[in-house]
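Student: data18.cif is reproduced in full below (mmCIF, C-alpha atoms; chains and numbers go by the auth columns).
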data_run
#
loop_
_atom_site.group_PDB
_atom_site.id
_atom_site.type_symbol
_atom_site.label_atom_id
_atom_site.label_comp_id
_atom_site.label_asym_id
_atom_site.label_seq_id
_atom_site.Cartn_x
_atom_site.Cartn_y
_atom_site.Cartn_z
_atom_site.B_iso_or_equiv
_atom_site.auth_seq_id
_atom_site.auth_asym_id
ATOM 1 C CA MET A 1 76.464 -36.784 9.773 0.00 28 A
ATOM 2 C CA SER A 2 75.753 -37.175 6.044 0.00 29 A
ATOM 3 C CA ALA A 3 73.926 -34.552 3.991 0.00 30 A
ATOM 4 C CA LEU A 4 71.119 -37.054 3.423 0.00 31 A
ATOM 5 C CA SER A 5 70.709 -37.656 7.164 0.00 32 A
ATOM 6 C CA ARG A 6 70.548 -33.915 7.807 0.00 33 A
ATOM 7 C CA THR A 7 67.919 -33.290 5.146 0.00 34 A
ATOM 8 C CA ARG A 8 65.766 -36.191 6.347 0.00 35 A
ATOM 9 C CA ARG A 9 65.601 -34.545 9.747 0.00 36 A
ATOM 10 C CA ASP A 10 64.698 -31.174 8.245 0.00 37 A
ATOM 11 C CA GLY A 11 60.937 -31.131 7.690 0.00 38 A
ATOM 12 C CA GLN A 12 61.002 -27.703 6.096 0.00 39 A
ATOM 13 C CA ALA A 13 60.121 -27.279 2.431 0.00 40 A
ATOM 14 C CA ALA A 14 61.525 -24.613 0.141 0.00 41 A
ATOM 15 C CA VAL A 15 60.659 -23.170 -3.252 0.00 42 A
ATOM 16 C CA TRP A 16 62.996 -21.050 -5.374 0.00 43 A
ATOM 17 C CA LEU A 17 61.405 -18.911 -8.102 0.00 44 A
ATOM 18 C CA TRP A 18 63.005 -17.492 -11.226 0.00 45 A
ATOM 19 C CA PRO A 19 60.958 -15.787 -13.950 0.00 46 A
ATOM 20 C CA GLY A 20 59.211 -18.725 -15.623 0.00 47 A
ATOM 21 C CA ARG A 21 61.006 -21.399 -13.604 0.00 48 A
ATOM 22 C CA ALA A 22 60.758 -22.917 -10.131 0.00 49 A
ATOM 23 C CA LEU A 23 62.392 -25.525 -7.886 0.00 50 A
ATOM 24 C CA TYR A 24 60.900 -27.356 -4.898 0.00 51 A
ATOM 25 C CA ALA A 25 63.018 -29.250 -2.374 0.00 52 A
ATOM 26 C CA GLY A 26 61.598 -30.810 0.736 0.00 53 A
ATOM 27 C CA PRO A 27 59.539 -33.612 2.212 0.00 54 A
ATOM 28 C CA SER A 28 57.731 -36.000 -0.090 0.00 55 A
ATOM 29 C CA LEU A 29 54.149 -34.915 -0.627 0.00 56 A
ATOM 30 C CA LEU A 30 50.941 -36.914 -0.961 0.00 57 A
ATOM 31 C CA LEU A 31 50.071 -35.901 -4.499 0.00 58 A
ATOM 32 C CA GLY A 32 46.847 -36.638 -6.308 0.00 59 A
ATOM 33 C CA PRO A 33 46.468 -36.924 -10.080 0.00 60 A
ATOM 34 C CA HIS A 34 47.420 -33.676 -11.801 0.00 61 A
ATOM 35 C CA SER A 35 48.596 -32.156 -15.074 0.00 62 A
ATOM 36 C CA GLY A 36 51.409 -29.598 -15.144 0.00 63 A
ATOM 37 C CA ALA A 37 51.644 -26.436 -17.199 0.00 64 A
ATOM 38 C CA VAL A 38 55.387 -26.814 -17.849 0.00 65 A
ATOM 39 C CA ALA A 39 57.917 -29.661 -17.900 0.00 66 A
ATOM 40 C CA CYS A 40 58.922 -30.993 -14.478 0.00 67 A
ATOM 41 C CA VAL A 41 62.144 -32.799 -13.553 0.00 68 A
ATOM 42 C CA ALA A 42 61.378 -35.072 -10.587 0.00 69 A
ATOM 43 C CA VAL A 43 64.139 -36.475 -8.360 0.00 70 A
ATOM 44 C CA GLY A 44 63.663 -39.093 -5.648 0.00 71 A
ATOM 45 C CA VAL A 45 66.376 -37.961 -3.262 0.00 72 A
ATOM 46 C CA ASP A 46 66.570 -41.118 -1.156 0.00 73 A
ATOM 47 C CA ALA A 47 64.434 -43.711 -2.992 0.00 74 A
ATOM 48 C CA PRO A 48 62.731 -44.384 -6.329 0.00 75 A
ATOM 49 C CA PHE A 49 59.269 -42.996 -7.046 0.00 76 A
ATOM 50 C CA ALA A 50 56.443 -44.135 -9.307 0.00 77 A
ATOM 51 C CA VAL A 51 54.778 -42.144 -12.090 0.00 78 A
ATOM 52 C CA ARG A 52 51.399 -43.463 -13.206 0.00 79 A
ATOM 53 C CA ARG A 53 49.970 -41.949 -16.395 0.00 80 A
ATOM 54 C CA THR A 54 46.203 -41.428 -16.753 0.00 81 A
ATOM 55 C CA PRO A 55 45.517 -43.396 -18.871 0.00 82 A
ATOM 56 C CA GLY A 56 48.638 -45.520 -19.174 0.00 83 A
ATOM 57 C CA GLY A 57 51.058 -47.634 -17.227 0.00 84 A
ATOM 58 C CA GLU A 58 53.470 -46.949 -14.397 0.00 85 A
ATOM 59 C CA LEU A 59 57.168 -46.094 -14.481 0.00 86 A
ATOM 60 C CA ARG A 60 59.559 -46.326 -11.544 0.00 87 A
ATOM 61 C CA ALA A 61 62.612 -44.082 -11.466 0.00 88 A
ATOM 62 C CA ARG A 62 64.983 -41.981 -9.383 0.00 89 A
ATOM 63 C CA THR A 63 64.963 -39.192 -11.995 0.00 90 A
ATOM 64 C CA ALA A 64 62.250 -38.388 -14.531 0.00 91 A
ATOM 65 C CA LEU A 65 61.099 -35.587 -16.800 0.00 92 A
ATOM 66 C CA ILE A 66 57.324 -35.224 -17.013 0.00 93 A
ATOM 67 C CA PRO A 67 56.152 -33.063 -19.930 0.00 94 A
ATOM 68 C CA PRO A 68 53.324 -30.547 -19.608 0.00 95 A
ATOM 69 C CA ARG A 69 49.717 -31.575 -20.196 0.00 96 A
ATOM 70 C CA ILE A 70 50.259 -35.228 -19.180 0.00 97 A
ATOM 71 C CA ARG A 71 47.841 -36.229 -16.446 0.00 98 A
ATOM 72 C CA HIS A 72 49.690 -38.378 -13.947 0.00 99 A
ATOM 73 C CA GLN A 73 50.105 -39.271 -10.304 0.00 100 A
ATOM 74 C CA LEU A 74 53.522 -39.344 -8.694 0.00 101 A
ATOM 75 C CA THR A 75 53.998 -41.509 -5.594 0.00 102 A
ATOM 76 C CA ALA A 76 57.238 -41.042 -3.668 0.00 103 A
ATOM 77 C CA GLY A 77 59.009 -44.045 -2.182 0.00 104 A
ATOM 78 C CA GLY A 78 61.290 -42.025 0.078 0.00 105 A
ATOM 79 C CA ASP A 79 61.273 -39.114 2.476 0.00 106 A
ATOM 80 C CA ARG A 80 62.333 -36.282 0.176 0.00 107 A
ATOM 81 C CA MET A 81 61.831 -35.054 -3.378 0.00 108 A
ATOM 82 C CA VAL A 82 63.172 -32.304 -5.625 0.00 109 A
ATOM 83 C CA PHE A 83 61.032 -30.902 -8.451 0.00 110 A
ATOM 84 C CA LEU A 84 62.464 -28.537 -11.081 0.00 111 A
ATOM 85 C CA TYR A 85 59.959 -26.734 -13.337 0.00 112 A
ATOM 86 C CA LEU A 86 61.438 -25.448 -16.602 0.00 113 A
ATOM 87 C CA ASP A 87 60.776 -22.510 -18.934 0.00 114 A
ATOM 88 C CA PRO A 88 58.715 -24.066 -21.746 0.00 115 A
ATOM 89 C CA GLY A 89 60.275 -23.860 -25.178 0.00 116 A
ATOM 90 C CA SER A 90 63.641 -22.698 -23.855 0.00 117 A
ATOM 91 C CA ALA A 91 67.030 -24.074 -24.862 0.00 118 A
ATOM 92 C CA GLU A 92 67.361 -25.129 -21.230 0.00 119 A
ATOM 93 C CA ASP A 93 64.186 -27.195 -21.516 0.00 120 A
ATOM 94 C CA ARG A 94 65.343 -28.877 -24.734 0.00 121 A
ATOM 95 C CA ALA A 95 68.836 -29.551 -23.388 0.00 122 A
ATOM 96 C CA CYS A 96 67.400 -31.150 -20.277 0.00 123 A
ATOM 97 C CA ARG A 97 65.204 -33.530 -22.283 0.00 124 A
ATOM 98 C CA ALA A 98 68.262 -34.699 -24.210 0.00 125 A
ATOM 99 C CA ARG A 99 69.952 -35.762 -20.952 0.00 126 A
ATOM 100 C CA PHE A 100 67.413 -38.516 -20.203 0.00 127 A
ATOM 101 C CA THR A 101 68.155 -42.006 -21.484 0.00 128 A
ATOM 102 C CA ALA A 102 64.899 -43.997 -21.182 0.00 129 A
ATOM 103 C CA GLY A 103 61.134 -43.747 -20.671 0.00 130 A
ATOM 104 C CA ASP A 104 57.968 -44.056 -22.736 0.00 131 A
ATOM 105 C CA ASP A 105 54.678 -42.305 -23.571 0.00 132 A
ATOM 106 C CA GLY A 106 56.338 -38.910 -23.182 0.00 133 A
ATOM 107 C CA VAL A 107 57.696 -39.429 -19.640 0.00 134 A
ATOM 108 C CA LEU A 108 61.494 -39.650 -19.709 0.00 135 A
ATOM 109 C CA THR A 109 63.601 -41.423 -17.069 0.00 136 A
ATOM 110 C CA GLY A 110 67.240 -42.066 -16.218 0.00 137 A
ATOM 111 C CA HIS A 111 69.119 -38.758 -16.280 0.00 138 A
ATOM 112 C CA GLU A 112 72.622 -39.373 -17.633 0.00 139 A
ATOM 113 C CA ALA A 113 74.159 -37.637 -14.588 0.00 140 A
ATOM 114 C CA GLU A 114 71.735 -39.251 -12.144 0.00 141 A
ATOM 115 C CA ALA A 115 74.301 -40.348 -9.554 0.00 142 A
ATOM 116 C CA GLY A 116 75.749 -36.858 -9.167 0.00 143 A
ATOM 117 C CA LEU A 117 72.324 -35.212 -9.159 0.00 144 A
ATOM 118 C CA LEU A 118 71.169 -37.479 -6.329 0.00 145 A
ATOM 119 C CA VAL A 119 74.215 -36.760 -4.193 0.00 146 A
ATOM 120 C CA ARG A 120 73.868 -33.011 -4.597 0.00 147 A
ATOM 121 C CA ALA A 121 70.072 -33.079 -4.265 0.00 148 A
ATOM 122 C CA ALA A 122 70.540 -34.691 -0.845 0.00 149 A
ATOM 123 C CA ALA A 123 72.489 -31.611 0.242 0.00 150 A
ATOM 124 C CA ILE A 124 69.734 -29.147 -0.744 0.00 151 A
ATOM 125 C CA SER A 125 67.691 -27.709 2.089 0.00 152 A
ATOM 126 C CA ALA A 126 65.706 -24.565 2.839 0.00 153 A
ATOM 127 C CA HIS A 127 68.989 -23.049 4.034 0.00 154 A
ATOM 128 C CA SER A 128 70.954 -23.696 0.826 0.00 155 A
ATOM 129 C CA PRO A 129 72.551 -20.594 -0.727 0.00 156 A
ATOM 130 C CA ASP A 130 71.229 -19.447 -4.084 0.00 157 A
ATOM 131 C CA ARG A 131 74.470 -20.342 -5.868 0.00 158 A
ATOM 132 C CA GLN A 132 74.067 -23.980 -4.768 0.00 159 A
ATOM 133 C CA ILE A 133 70.566 -24.081 -6.246 0.00 160 A
ATOM 134 C CA ALA A 134 71.763 -22.471 -9.491 0.00 161 A
ATOM 135 C CA ALA A 135 74.616 -24.995 -9.776 0.00 162 A
ATOM 136 C CA TRP A 136 72.286 -27.968 -9.248 0.00 163 A
ATOM 137 C CA THR A 137 69.859 -26.604 -11.834 0.00 164 A
ATOM 138 C CA ALA A 138 72.651 -26.146 -14.367 0.00 165 A
ATOM 139 C CA GLU A 139 73.802 -29.727 -13.770 0.00 166 A
ATOM 140 C CA ALA A 140 70.256 -31.032 -14.256 0.00 167 A
ATOM 141 C CA THR A 141 69.657 -29.146 -17.493 0.00 168 A
ATOM 142 C CA GLY A 142 73.154 -28.971 -18.931 0.00 169 A
ATOM 143 C CA ARG A 143 72.792 -25.208 -19.382 0.00 170 A
ATOM 144 C CA THR A 144 73.279 -22.071 -17.309 0.00 171 A
ATOM 145 C CA THR A 145 70.822 -19.884 -19.253 0.00 172 A
ATOM 146 C CA ALA A 146 67.304 -20.268 -20.613 0.00 173 A
ATOM 147 C CA SER A 147 67.535 -18.681 -24.051 0.00 174 A
ATOM 148 C CA PHE A 148 64.742 -19.070 -26.625 0.00 175 A
ATOM 149 C CA THR A 149 64.944 -19.804 -30.333 0.00 176 A
ATOM 150 C CA ASP A 150 61.782 -17.856 -31.225 0.00 177 A
ATOM 151 C CA PRO A 151 62.012 -14.217 -30.075 0.00 178 A
ATOM 152 C CA ARG A 152 58.243 -13.732 -30.444 0.00 179 A
ATOM 153 C CA ILE A 153 57.464 -16.497 -27.970 0.00 180 A
ATOM 154 C CA ALA A 154 60.257 -15.321 -25.674 0.00 181 A
ATOM 155 C CA ALA A 155 58.654 -11.868 -25.639 0.00 182 A
ATOM 156 C CA ALA A 156 55.223 -13.356 -24.904 0.00 183 A
ATOM 157 C CA LEU A 157 56.574 -15.457 -22.018 0.00 184 A
ATOM 158 C CA ARG A 158 58.345 -12.457 -20.484 0.00 185 A
ATOM 159 C CA ARG A 159 55.186 -10.346 -20.770 0.00 186 A
ATOM 160 C CA LEU A 160 53.077 -13.008 -19.104 0.00 187 A
ATOM 161 C CA ILE A 161 55.471 -13.588 -16.200 0.00 188 A
ATOM 162 C CA GLY A 162 55.977 -9.868 -15.577 0.00 189 A
ATOM 163 C CA ALA A 163 52.417 -8.699 -16.232 0.00 190 A
ATOM 164 C CA ASP A 164 50.669 -6.562 -13.635 0.00 191 A
ATOM 165 C CA GLU A 165 47.284 -7.258 -15.206 0.00 192 A
ATOM 166 C CA PRO A 166 45.574 -10.201 -16.943 0.00 193 A
ATOM 167 C CA LEU A 167 46.724 -10.516 -20.557 0.00 194 A
ATOM 168 C CA PRO A 168 44.298 -12.018 -23.078 0.00 195 A
ATOM 169 C CA ALA A 169 45.855 -13.868 -25.995 0.00 196 A
ATOM 170 C CA ALA A 170 44.383 -11.386 -28.488 0.00 197 A
ATOM 171 C CA LEU A 171 46.319 -8.526 -26.908 0.00 198 A
ATOM 172 C CA LEU A 172 49.680 -10.296 -27.048 0.00 199 A
ATOM 173 C CA ALA A 173 49.007 -11.511 -30.579 0.00 200 A
ATOM 174 C CA ALA A 174 48.344 -7.932 -31.693 0.00 201 A
ATOM 175 C CA GLU A 175 51.576 -6.746 -30.049 0.00 202 A
ATOM 176 C CA LEU A 176 53.482 -9.376 -32.015 0.00 203 A
ATOM 177 C CA GLY A 177 51.697 -8.621 -35.289 0.00 204 A
ATOM 178 C CA LEU A 178 49.971 -12.013 -35.430 0.00 205 A
ATOM 179 C CA SER A 179 46.379 -13.127 -35.598 0.00 206 A
ATOM 180 C CA GLU A 180 45.124 -14.682 -32.385 0.00 207 A
ATOM 181 C CA SER A 181 44.724 -18.128 -33.958 0.00 208 A
ATOM 182 C CA ARG A 182 48.240 -18.021 -35.440 0.00 209 A
ATOM 183 C CA PHE A 183 49.698 -16.851 -32.131 0.00 210 A
ATOM 184 C CA LEU A 184 47.987 -19.661 -30.170 0.00 211 A
ATOM 185 C CA ARG A 185 49.226 -22.315 -32.624 0.00 212 A
ATOM 186 C CA LEU A 186 52.754 -20.897 -32.573 0.00 213 A
ATOM 187 C CA PHE A 187 52.762 -20.755 -28.781 0.00 214 A
ATOM 188 C CA ARG A 188 51.792 -24.413 -28.479 0.00 215 A
ATOM 189 C CA GLU A 189 54.261 -25.513 -31.174 0.00 216 A
ATOM 190 C CA ARG A 190 57.219 -23.679 -29.605 0.00 217 A
ATOM 191 C CA THR A 191 56.525 -24.388 -25.926 0.00 218 A
ATOM 192 C CA GLY A 192 54.713 -27.725 -25.804 0.00 219 A
ATOM 193 C CA THR A 193 52.033 -26.175 -23.611 0.00 220 A
ATOM 194 C CA SER A 194 48.994 -24.024 -24.266 0.00 221 A
ATOM 195 C CA TYR A 195 48.699 -20.279 -23.784 0.00 222 A
ATOM 196 C CA ARG A 196 45.949 -20.783 -21.219 0.00 223 A
ATOM 197 C CA ARG A 197 48.066 -23.166 -19.162 0.00 224 A
ATOM 198 C CA PHE A 198 51.147 -20.977 -19.220 0.00 225 A
ATOM 199 C CA ARG A 199 49.087 -17.932 -18.289 0.00 226 A
ATOM 200 C CA LEU A 200 47.863 -19.936 -15.296 0.00 227 A
ATOM 201 C CA TRP A 201 51.504 -20.804 -14.481 0.00 228 A
ATOM 202 C CA ALA A 202 52.326 -17.082 -14.580 0.00 229 A
ATOM 203 C CA GLN A 203 49.429 -16.416 -12.206 0.00 230 A
ATOM 204 C CA MET A 204 50.848 -19.037 -9.838 0.00 231 A
ATOM 205 C CA HIS A 205 54.168 -17.210 -9.924 0.00 232 A
ATOM 206 C CA ARG A 206 52.500 -13.953 -8.947 0.00 233 A
ATOM 207 C CA ALA A 207 50.642 -15.636 -6.106 0.00 234 A
ATOM 208 C CA ALA A 208 53.851 -17.309 -4.889 0.00 235 A
ATOM 209 C CA ARG A 209 55.725 -14.002 -4.887 0.00 236 A
ATOM 210 C CA ALA A 210 52.931 -12.523 -2.777 0.00 237 A
ATOM 211 C CA LEU A 211 53.270 -15.404 -0.304 0.00 238 A
ATOM 212 C CA ALA A 212 57.041 -14.860 -0.235 0.00 239 A
ATOM 213 C CA SER A 213 56.445 -11.238 0.795 0.00 240 A
ATOM 214 C CA GLY A 214 54.333 -12.374 3.744 0.00 241 A
ATOM 215 C CA GLU A 215 50.813 -12.159 2.304 0.00 242 A
ATOM 216 C CA ASN A 216 48.154 -14.713 3.224 0.00 243 A
ATOM 217 C CA LEU A 217 46.409 -17.032 0.770 0.00 244 A
ATOM 218 C CA THR A 218 43.511 -14.649 0.238 0.00 245 A
ATOM 219 C CA ARG A 219 45.790 -11.768 -0.755 0.00 246 A
ATOM 220 C CA ALA A 220 48.016 -14.081 -2.812 0.00 247 A
ATOM 221 C CA ALA A 221 44.993 -15.303 -4.766 0.00 248 A
ATOM 222 C CA ALA A 222 44.005 -11.707 -5.541 0.00 249 A
ATOM 223 C CA ASP A 223 47.562 -10.783 -6.559 0.00 250 A
ATOM 224 C CA GLY A 224 47.578 -13.777 -8.909 0.00 251 A
ATOM 225 C CA TYR A 225 44.320 -12.611 -10.546 0.00 252 A
ATOM 226 C CA PHE A 226 42.354 -15.599 -9.326 0.00 253 A
ATOM 227 C CA ALA A 227 38.635 -15.003 -8.942 0.00 254 A
ATOM 228 C CA SER A 228 38.685 -16.171 -5.328 0.00 255 A
ATOM 229 C CA PRO A 229 40.859 -18.101 -2.846 0.00 256 A
ATOM 230 C CA SER A 230 38.887 -21.244 -3.704 0.00 257 A
ATOM 231 C CA HIS A 231 39.616 -20.708 -7.419 0.00 258 A
ATOM 232 C CA PHE A 232 43.327 -20.417 -6.586 0.00 259 A
ATOM 233 C CA SER A 233 43.203 -23.575 -4.461 0.00 260 A
ATOM 234 C CA THR A 234 41.358 -25.565 -7.136 0.00 261 A
ATOM 235 C CA ALA A 235 43.744 -24.465 -9.899 0.00 262 A
ATOM 236 C CA PHE A 236 46.799 -25.176 -7.721 0.00 263 A
ATOM 237 C CA HIS A 237 45.480 -28.655 -6.874 0.00 264 A
ATOM 238 C CA ALA A 238 44.881 -29.443 -10.554 0.00 265 A
ATOM 239 C CA MET A 239 48.403 -28.299 -11.497 0.00 266 A
ATOM 240 C CA PHE A 240 50.440 -29.741 -8.620 0.00 267 A
ATOM 241 C CA GLY A 241 48.328 -32.472 -7.032 0.00 268 A
ATOM 242 C CA LEU A 242 47.631 -30.875 -3.635 0.00 269 A
ATOM 243 C CA PRO A 243 46.048 -27.685 -2.251 0.00 270 A
ATOM 244 C CA PRO A 244 48.397 -24.775 -1.441 0.00 271 A
ATOM 245 C CA SER A 245 47.455 -24.950 2.246 0.00 272 A
ATOM 246 C CA ASP A 246 49.015 -28.436 2.457 0.00 273 A
ATOM 247 C CA LEU A 247 52.276 -27.109 1.035 0.00 274 A
ATOM 248 C CA LEU A 248 52.328 -24.087 3.346 0.00 275 A
ATOM 249 C CA ALA A 249 51.825 -26.439 6.300 0.00 276 A
ATOM 250 C CA ARG A 250 55.325 -27.793 5.582 0.00 277 A
ATOM 251 C CA ARG A 251 56.886 -24.606 6.998 0.00 278 A
ATOM 252 C CA LEU A 252 57.430 -23.457 3.433 0.00 279 A
ATOM 253 C CA THR A 253 60.175 -20.969 2.558 0.00 280 A
ATOM 254 C CA ILE A 254 59.860 -19.156 -0.802 0.00 281 A
ATOM 255 C CA ARG A 255 62.841 -17.369 -2.354 0.00 282 A
ATOM 256 C CA CYS A 256 62.543 -15.155 -5.412 0.00 283 A
ATOM 257 C CA LEU A 257 65.750 -15.158 -7.472 0.00 284 A
ATOM 258 C CA ASP A 258 67.103 -12.839 -10.111 0.00 285 A
ATOM 259 C CA PRO A 259 66.865 -14.321 -13.625 0.00 286 A
ATOM 260 C CA LEU A 260 70.676 -14.268 -13.872 0.00 287 A
ATOM 261 C CA VAL A 261 71.209 -16.353 -10.703 0.00 288 A
#
So that I can check it, write out the structure of this file as structure tokens.

Tutor:
Amino acid sequence: MSALSRTRRDGQAAVWLWPGRALYAGPSLLLGPHSGAVACVAVGVDAPFAVRRTPGGELRARTALIPPRIRHQLTAGGDRMVFLYLDPGSAEDRACRARFTAGDDGVLTGHEAEAGLLVRAAAISAHSPDRQIAAWTAEATGRTTASFTDPRIAAALRRLIGADEPLPAALLAAELGLSESRFLRLFRERTGTSYRRFRLWAQMHRAARALASGENLTRAAADGYFASPSHFSTAFHAMFGLPPSDLLARRLTIRCLDPLV
């Protein structure tokens, strides 16, 4: 039996989390219009998918890179998808963008190693070992590490992902010896996303790690510093195109990986 046949039969979804990065592999999802906080590499494992920009036209592809802050709706044409979310402003992010060969209006399509990515994406399941996930990610991005060219922004990203309390921009700016306005401009310039959006992404990471440890949505929302479970659900829907309860209904497995994996 082929890897693709096996994964089609496996209805389980899985998410792997690194600090600042994430990968989803599993059944295609009914996604509404949404706008991501970080760049997303989308892969139609067994069929092309459509990306409709709001406003804008529609692109069809098997592989695409959707930048942050672009409102869009992705409609899958097949049974399974893989989504890779990248550290904004990292060398890994930049290297990945350079591997796409077509596209317009900011959405890139046609990964140069598309054929190999599709074959190996078909073999990914909730039971895949971590080394298999790391190898696929390295093939997609062309890099094995996520280094940053600006150490100030790298420090801010690490603080946000690892924070055990909400971090206002003014506090991080002061730590870096910058004014708040200068820090916010620099953050956007170096990452392509806003501080507010990345802070929300970091909150999602905290909530996901709580779910991975067995907590329910209410506790996960609190751990992610959301004002309420409904606030968490609304923010998740706006960022990913569906409520978290719909994703959890897919028998979701969440794995938290070491940054060096």

Student: Using the chain letters and numbers from the file, give me the residues hit by the PyMOL selection byres ((chain A and resi 183-192) around 9), as a PDB file with C-alpha atoms, keeping the file's coordinate frame.

Tutor:
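Heads up, here's the output in out17.pdb:
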ATOM      1  CA  PRO A  46      60.958 -15.787 -13.950  1.00  0.00           C
ATOM      2  CA  GLY A  47      59.211 -18.725 -15.623  1.00  0.00           C
ATOM      3  CA  ASP A 114      60.776 -22.510 -18.934  1.00  0.00           C
ATOM      4  CA  PRO A 115      58.715 -24.066 -21.746  1.00  0.00           C
ATOM      5  CA  PRO A 178      62.012 -14.217 -30.075  1.00  0.00           C
ATOM      6  CA  ARG A 179      58.243 -13.732 -30.444  1.00  0.00           C
ATOM      7  CA  ILE A 180      57.464 -16.497 -27.970  1.00  0.00           C
ATOM      8  CA  ALA A 181      60.257 -15.321 -25.674  1.00  0.00           C
ATOM      9  CA  ALA A 182      58.654 -11.868 -25.639  1.00  0.00           C
ATOM     10  CA  PRO A 193      45.574 -10.201 -16.943  1.00  0.00           C
ATOM     11  CA  LEU A 194      46.724 -10.516 -20.557  1.00  0.00           C
ATOM     12  CA  LEU A 199      49.680 -10.296 -27.048  1.00  0.00           C
ATOM     13  CA  ALA A 200      49.007 -11.511 -30.579  1.00  0.00           C
ATOM     14  CA  LEU A 203      53.482  -9.376 -32.015  1.00  0.00           C
ATOM     15  CA  PHE A 214      52.762 -20.755 -28.781  1.00  0.00           C
ATOM     16  CA  PHE A 225      51.147 -20.977 -19.220  1.00  0.00           C
ATOM     17  CA  ARG A 226      49.087 -17.932 -18.289  1.00  0.00           C
ATOM     18  CA  TRP A 228      51.504 -20.804 -14.481  1.00  0.00           C
ATOM     19  CA  ALA A 229      52.326 -17.082 -14.580  1.00  0.00           C
ATOM     20  CA  GLN A 230      49.429 -16.416 -12.206  1.00  0.00           C
ATOM     21  CA  HIS A 232      54.168 -17.210  -9.924  1.00  0.00           C
ATOM     22  CA  ARG A 233      52.500 -13.953  -8.947  1.00  0.00           C
ATOM     23  CA  ASP A 250      47.562 -10.783  -6.559  1.00  0.00           C
ATOM     24  CA  TYR A 252      44.320 -12.611 -10.546  1.00  0.00           C
TER      25      TYR A 252
END

Student: Rank nothing, just name the residue among A:Thr90, A:Cys67, A:Ala249, A:Thr128 nearest to Ala49 (chain A), using all atoms listed in the file.

Tutor: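 When distances to Ala49 (chain A) are compared using all atoms listed in the file, the smallest one comes from A:Cys67.
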
Student: Choose the residue, out of A:Gly53, A:Pro256, A:Gly84, A:Pro156, that has the smallest atom-to-atom separation from Arg277 (chain A); count only C-alpha atoms.

Tutor: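 Counting only C-alpha atoms, the residue closest to Arg277 (chain A) is A:Gly53.
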
Student: Could you check the closest approach to Phe127 (chain A) for each of A:Val72, A:Ala91, A:Ala162, A:Leu145 and tell me which residue wins, using only C-alpha atoms?

Tutor: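 Checking each candidate against Phe127 (chain A), we get A:Ala91 as the closest.
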
Student: Do you know which residues the PyMOL selection byres ((chain A and resi 50) around 9) returns on this file, as a PyMOL selection string?

Tutor: chain A and resi 41-45+48-49+51-52+109-113+160+164

Student: Just so the selection is clear, what residues does the PyMOL selection byres ((chain A and resi 237) around 10) cover here, as a short mmCIF file (atom, residue, chain, number, x, y, z; two decimals) with C-alpha atoms, in the frame of the given file?

Tutor:
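As a result, out06.cif now contains:
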data_model
loop_
_atom_site.label_atom_id
_atom_site.label_comp_id
_atom_site.auth_asym_id
_atom_site.auth_seq_id
_atom_site.Cartn_x
_atom_site.Cartn_y
_atom_site.Cartn_z
CA MET A 231 50.85 -19.04 -9.84
CA HIS A 232 54.17 -17.21 -9.92
CA ARG A 233 52.50 -13.95 -8.95
CA ALA A 234 50.64 -15.64 -6.11
CA ALA A 235 53.85 -17.31 -4.89
CA ARG A 236 55.72 -14.00 -4.89
CA LEU A 238 53.27 -15.40 -0.30
CA ALA A 239 57.04 -14.86 -0.24
CA SER A 240 56.44 -11.24 0.80
CA GLY A 241 54.33 -12.37 3.74
CA GLU A 242 50.81 -12.16 2.30
CA ASN A 243 48.15 -14.71 3.22
CA LEU A 244 46.41 -17.03 0.77
CA ARG A 246 45.79 -11.77 -0.76
CA ALA A 247 48.02 -14.08 -2.81
CA ALA A 248 44.99 -15.30 -4.77
CA ALA A 249 44.00 -11.71 -5.54
CA ASP A 250 47.56 -10.78 -6.56
CA GLY A 251 47.58 -13.78 -8.91
CA ILE A 281 59.86 -19.16 -0.80
#

Student: Choose the residue, out of A:Leu213, A:Ala148, A:Ala66, A:Ala129, that has the smallest atom-to-atom separation from Asp177 (chain A); count only C-alpha atoms.

Tutor: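 With only C-alpha atoms as the atom set, the closest residue is A:Leu213.
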